[in-house]
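Working notes, structure below.
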Amino acid sequence: MSAARRIAFVEFSPSGGLFQFAVQLGEALAEQGHDVHLYTGPRPELSARHPGFRIHAALPTWHPLDEKPRGPLLRKARRVVRAGQLVLAWLVLLARLRRDRPDAVFFSTWRFALDALGVLALDRLLPRTLLGIVAHEPRVMTDADTTKAKAGPVFDRALPAAWRAMDLCFTLGDEARDRLLAHWEPSGPVVVIPHGDESALRGDAPVPPVSETRPVALFFGLWTAYKGLDVLLEAWPAVRAAVPDAELVVAGAVGGADQAGIEARARVAGGVTTRPGYVPNTEIPTLFGSARVVTIPYLRASQSGVAHLAFTFERPVVATTVGDIPKVVRDGVSGLLAPPGDAPALAQALIALLSDPERSEQLGRAGAAWLAETSSWASVARRFSEGLSQV
């Protein structure tokens, strides 16, 4: 293990999977003796519990639960306001990091050219500070079509330079590591760490066993192109034909997807409940506790926090063979796998588990056992510290 360090994590959004990951990793690193700080936006959805870990809600960004504007003019105005907020957030962040002078600063993603420029400014501002990233997704994809990499005149110049400034990179799987190295040239090592569980979201209430649930499949997360929601809705009528009382719940914030189109297809498919909008943490235990199976029919992905969340609630997963997901969702052991974009194969996998509660419970328990054995936050923090010791 490396010597104790003052570590800073940066998450501009105070909620969601990346923020939740940073909080749980920060707590685990604090448990190992590091002094850990997370810089984020207002009203963070999780609180710090360990005295060695602090959350600073200092960045003037926004929260997903803020009311959405109605009408194109108001939405356009909000984009302008948020661009200004992001500029101000970077100025505040740079000032705070210069004052606090951590030994290491870690990011999780850079969505805009401004983010890459901010990283380069930080590299000049704190030349002795280790800069790193926990790359959940090695490439930034466009909002309009999340199967395509983002590009632009400034972005194409600033982003490679930001990657070259990285003294240490972490990925959540071997495939993601290979993709990172194929596209970028970080100055330091690239280390693979586990994802970790989602114990911070489970709550204290008991979770019903899978065998006591109704045949409910849950799609949870951002509605966006690469998540394969269209393929799932294409598969669903076949599931309903085989399991007439099957229900599908589609819950999550709407990204670049066509919300009206998805809801129209859901009505035609039948037995589908849509819950558009960010899901507060307090509702997650009920949502997962009522599901017999969780499905992640992704067309592209490096890893999935939703699979780890499902295993945290002892739910089996029906997933696709993309990225490092098959190393998490083991076919026939903790879930079932289908090729990406293959609606008939996806339907058959869902039918197999929705019609067999005992098998679903067995697979869900196996997923939970694997998670406890290989992906506890203590093991993630240990691997993280070992990575720190390399630089």
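FYI, nothing fancy with the structure tokens labels: chains A, B, ... in order, residues from 1 per chain, ligands from 1 as they appear.
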Sorted by chain and rising residue number, which residues of range 128-186 of chain A lie within 9 Å of range 321-326 of chain A, and what are their closest atom pairs and distances in Å to one decimal, counting only C-alpha atoms, as a tab-separated table?
```
residue	atom	partner	partner_atom	distance
A:Leu172	CA	A:Asp324	CA	8.0
A:Gly173	CA	A:Asp324	CA	5.7
A:Asp174	CA	A:Asp324	CA	7.0
A:Glu175	CA	A:Asp324	CA	5.8
A:Ala176	CA	A:Gly323	CA	7.0
```
From range 89-127 of chain A, collect each residue whose DSSP state is alpha helix (DSSP H) and return the set as a PyMOL selection string.
chain A and resi 89-100+113-125
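From CA of Phe21 in chain A back to CA of Leu38 in chain A, the distance works out to 11.2 Å.
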Would you tabulate, counting only C-alpha atoms, all residues of range 351-391 of chain A that have an atom at most 10 Å from an atom of range 119-137 of chain A, showing the closest pair of atoms and their distance in Å to one decimal, sorted by chain then ascending number, as a Markdown table?
```
| residue | atom | partner | partner_atom | distance |
| --- | --- | --- | --- | --- |
| A:Phe384 | CA | A:Val134 | CA | 9.7 |
| A:Leu388 | CA | A:Leu130 | CA | 9.3 |
| A:Val391 | CA | A:Leu130 | CA | 8.3 |
```
With N, CA and C atoms retained, export the selected residues as a short mmCIF file (atom, residue, chain, number, x, y, z; two decimals), in the first residue's frame.
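To be explicit, this is the file written out as part_38.cif:
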```cif
data_model
loop_
_atom_site.label_atom_id
_atom_site.label_comp_id
_atom_site.auth_asym_id
_atom_site.auth_seq_id
_atom_site.Cartn_x
_atom_site.Cartn_y
_atom_site.Cartn_z
N PHE A 384 -6.50 0.62 -5.79
CA PHE A 384 -6.26 2.03 -6.08
C PHE A 384 -4.96 2.49 -5.42
N LEU A 388 -1.42 3.99 -6.91
CA LEU A 388 -0.73 5.21 -6.45
C LEU A 388 0.74 4.97 -6.17
N VAL A 391 3.54 5.54 -8.94
CA VAL A 391 3.95 6.85 -9.47
C VAL A 391 4.46 7.75 -8.34
#
```
Give the strand (DSSP E) residues of range 120-367 of chain A, as assigned by DSSP on the backbone, as a PyMOL selection string.
chain A and resi 130-135+168-171+190-192+216-220+247-252+272-276+293-296+317-320+335-338
Which residue, A:Asp230, A:Ser199, A:Ala116, A:Asp156, has the smallest gap to Leu46 in chain A when you use only C-alpha atoms?
A:Ser199
